[in-house]
Amino acid sequence: MKAIKRTYLIFVLSLVIPSWLNAELFPNLGGQRVGTSAAQFLKIGVGARAVALGESYVAIANDAEALFWNPAGISQFTDNDYFFTYNQWFSDIQIFYSGAVYHLNRTNTIGAFFTALTTDDMKETTELEPAGTGRYFTYGDLVTGISYARNMTDKFSFGLTIKYFEETLAEMKMNSMLFDLGTYYKTGWRSTRFGVSVTNFASDIAAEGSYSYKTLDGETVKVSDFQEFTPPIMFRIGLAAEAFERDGHKLTWSVQLNHPNDNSENINLGVEYWYRNVLALRSGYISSRTDRDISFGLGLNVPVGKNSLRVDYSYANFGRLGYVNQYTIHILL
């Protein structure tokens with residue numbers, strides 16, 4: 001009878017919680033600013049593990065994927081971690097990210113990373129030549145940077161990232177120096193930890209270069225003055241803990257509040273199950289987004305001598321846009 005009641009309760013919660021999360025918990029705070037920031041590429045999640053957890057990762061952040069989510073997290077593990085991830089984005093867009101974390105000692109940790117978005121050449125079209133002008137142009141993004149984290153105590157650490165961003169569209173270019181800040185705190189109550197990060201902090205940026213177009217009267221107009229926009233600054237605060245960890249089984253949950261400068265606030269949820277530190281199953285949920293909700297993933301940790309190789313996969317549902325696959329390889333030394 002108790003088992004039936006528990007099953008019924010879980011079924012009811014599975015129906016109620018998604019609707020509750022999609023409700024306006026924070027009456028559309030920031031919703032009026034949708035689409036007001038530049039460099040949208042910087043918002044695309046990195047790492048198959050983090051994405052599978054619904055991007056609820058700022059308080060987990062215990063591998064090299066923390067380079068993207070919370071720089072304080074790179075000091076929360078002992079192995080040197082080298083990883084590469086491939087993101088199969090929409091419309092034949094490809095995203096590559098590689099990063100490395102090296103521990104100088106128990107207190108100080110450094111990291112470095114490089115990411116690039118690439119597309120095929122695109123045909124130039126205009127109002128007067130909708131079939132094409134015969135010319136092609138390219139679009140691409142790249143980000144590279146370094147991170148530093150320090151354990152101030154056995155419970156508290158902080159991290160800083162300095163990165164360079166560049167976006168190229170035909171003859172125009174946009175670039176800027178950006179900063180990420182993060183903190184990581186172990187509460188001391190069981191395995192509960194608390195993470196906070198602010199990413200992509202910088203002054204307003206504008207495109208450089210120029211482009212020309214012809215009016216319906218045949219006049220050529222050259223444009224070289226562009227409006228400045230803020231980068232996509234994101235404030236994240238999260239909480240994570242192990243629901244249980246015994247006999248080779250470990251279940252971790254996480255919850256995260258996101259406050260972007262160009263959209264409304266939302267809550268992310270994630271859960272990860274490890275079996276004997278070999279096989280991982282993951283799932284996540286992103287609330288209050290019409291283009292994103294459920295994600296799934298798995299991981300396989302393979303010992304290689306004294307080291308190990310971890311392979312992760314994530315599937316993220318983007319509603320009408322379809323789905324996105326991401327693959328990540330970690331080499332732990």
# chains A, B, ... in the order shown; residues from 1 in each chain; ligands from 1
>>> residues_around(residues="Ser157 in chain A", least_positions_apart="2", cutoff="9 Å", atoms="only C-alpha atoms", output="PyMOL selection string")
chain A and resi 72-73+75-76+149-155+159+182-185
>>> residues_around(residues="range 127-133 of chain A", least_positions_apart="6", cutoff="9 Å", atoms="only C-alpha atoms", output="PyMOL selection string")
chain A and resi 214-216
>>> write_last_selection(atoms="C-alpha atoms", output="short mmCIF file (atom, residue, chain, number, x, y, z; two decimals), in the first residue's frame")
data_model
loop_
_atom_site.label_atom_id
_atom_site.label_comp_id
_atom_site.auth_asym_id
_atom_site.auth_seq_id
_atom_site.Cartn_x
_atom_site.Cartn_y
_atom_site.Cartn_z
CA LYS A 214 22.16 50.07 -52.68
CA THR A 215 18.81 51.76 -52.25
CA LEU A 216 15.88 51.30 -54.62
#
>>> closest_residue(among="A:Asp293, A:Asp204, A:Asp121, A:Glu228", to="Gly319 in chain A", atoms="only C-alpha atoms")
A:Asp293
>>> closest_atom_pairs(of="range 104-209 of chain A", to="range 246-264 of chain A", cutoff="12 Å", atoms="only C-alpha atoms", output="Markdown table")
| residue | atom | partner | partner_atom | distance |
| --- | --- | --- | --- | --- |
| A:Ser191 | CA | A:Thr252 | CA | 9.6 |
| A:Thr192 | CA | A:Ser254 | CA | 9.7 |
| A:Arg193 | CA | A:Ser254 | CA | 9.6 |
| A:Phe194 | CA | A:Gln256 | CA | 9.8 |
| A:Gly195 | CA | A:Gln256 | CA | 9.0 |
| A:Val196 | CA | A:Gln256 | CA | 9.4 |
| A:Ser197 | CA | A:Asn258 | CA | 9.8 |
| A:Val198 | CA | A:His259 | CA | 9.5 |
| A:Thr199 | CA | A:Pro260 | CA | 9.7 |
| A:Asn200 | CA | A:Pro260 | CA | 10.5 |
| A:Phe201 | CA | A:Asn261 | CA | 10.5 |
>>> write_last_selection(atoms="N, CA and C atoms", output="PDB file, in the first residue's frame")
ATOM      1  N   SER A 191      26.757  16.947   2.355  1.00  0.00           N
ATOM      2  CA  SER A 191      27.548  17.274   1.161  1.00  0.00           C
ATOM      3  C   SER A 191      27.040  18.527   0.457  1.00  0.00           C
ATOM      4  N   THR A 192      26.225  19.309   1.125  1.00  0.00           N
ATOM      5  CA  THR A 192      25.607  20.478   0.491  1.00  0.00           C
ATOM      6  C   THR A 192      26.651  21.544   0.174  1.00  0.00           C
ATOM      7  N   ARG A 193      26.618  22.028  -1.065  1.00  0.00           N
ATOM      8  CA  ARG A 193      27.510  23.115  -1.447  1.00  0.00           C
ATOM      9  C   ARG A 193      26.736  24.174  -2.229  1.00  0.00           C
ATOM     10  N   PHE A 194      27.366  25.329  -2.298  1.00  0.00           N
ATOM     11  CA  PHE A 194      26.705  26.535  -2.775  1.00  0.00           C
ATOM     12  C   PHE A 194      27.645  27.216  -3.756  1.00  0.00           C
ATOM     13  N   GLY A 195      27.151  27.540  -4.953  1.00  0.00           N
ATOM     14  CA  GLY A 195      27.989  28.182  -5.957  1.00  0.00           C
ATOM     15  C   GLY A 195      27.351  29.439  -6.517  1.00  0.00           C
ATOM     16  N   VAL A 196      28.187  30.437  -6.802  1.00  0.00           N
ATOM     17  CA  VAL A 196      27.723  31.696  -7.390  1.00  0.00           C
ATOM     18  C   VAL A 196      28.712  32.098  -8.473  1.00  0.00           C
ATOM     19  N   SER A 197      28.212  32.549  -9.612  1.00  0.00           N
ATOM     20  CA  SER A 197      29.105  33.041 -10.660  1.00  0.00           C
ATOM     21  C   SER A 197      28.459  34.192 -11.424  1.00  0.00           C
ATOM     22  N   VAL A 198      29.312  35.089 -11.906  1.00  0.00           N
ATOM     23  CA  VAL A 198      28.911  36.160 -12.815  1.00  0.00           C
ATOM     24  C   VAL A 198      29.816  36.027 -14.031  1.00  0.00           C
ATOM     25  N   THR A 199      29.230  35.818 -15.200  1.00  0.00           N
ATOM     26  CA  THR A 199      30.024  35.571 -16.398  1.00  0.00           C
ATOM     27  C   THR A 199      29.770  36.632 -17.472  1.00  0.00           C
ATOM     28  N   ASN A 200      30.786  36.799 -18.314  1.00  0.00           N
ATOM     29  CA  ASN A 200      30.732  37.722 -19.464  1.00  0.00           C
ATOM     30  C   ASN A 200      30.578  39.185 -19.050  1.00  0.00           C
ATOM     31  N   PHE A 201      31.220  39.540 -17.952  1.00  0.00           N
ATOM     32  CA  PHE A 201      31.142  40.917 -17.475  1.00  0.00           C
ATOM     33  C   PHE A 201      32.113  41.793 -18.265  1.00  0.00           C
TER      34      PHE A 201
END
>>> atom_distance(atom1="CA of Ala52 in chain A", atom2="CA of Ile93 in chain A")
19.8 Å
>>> closest_residue(among="A:Ser98, A:Thr107, A:Thr36, A:Ser212", to="Leu142 in chain A", atoms="only C-alpha atoms")
A:Ser98
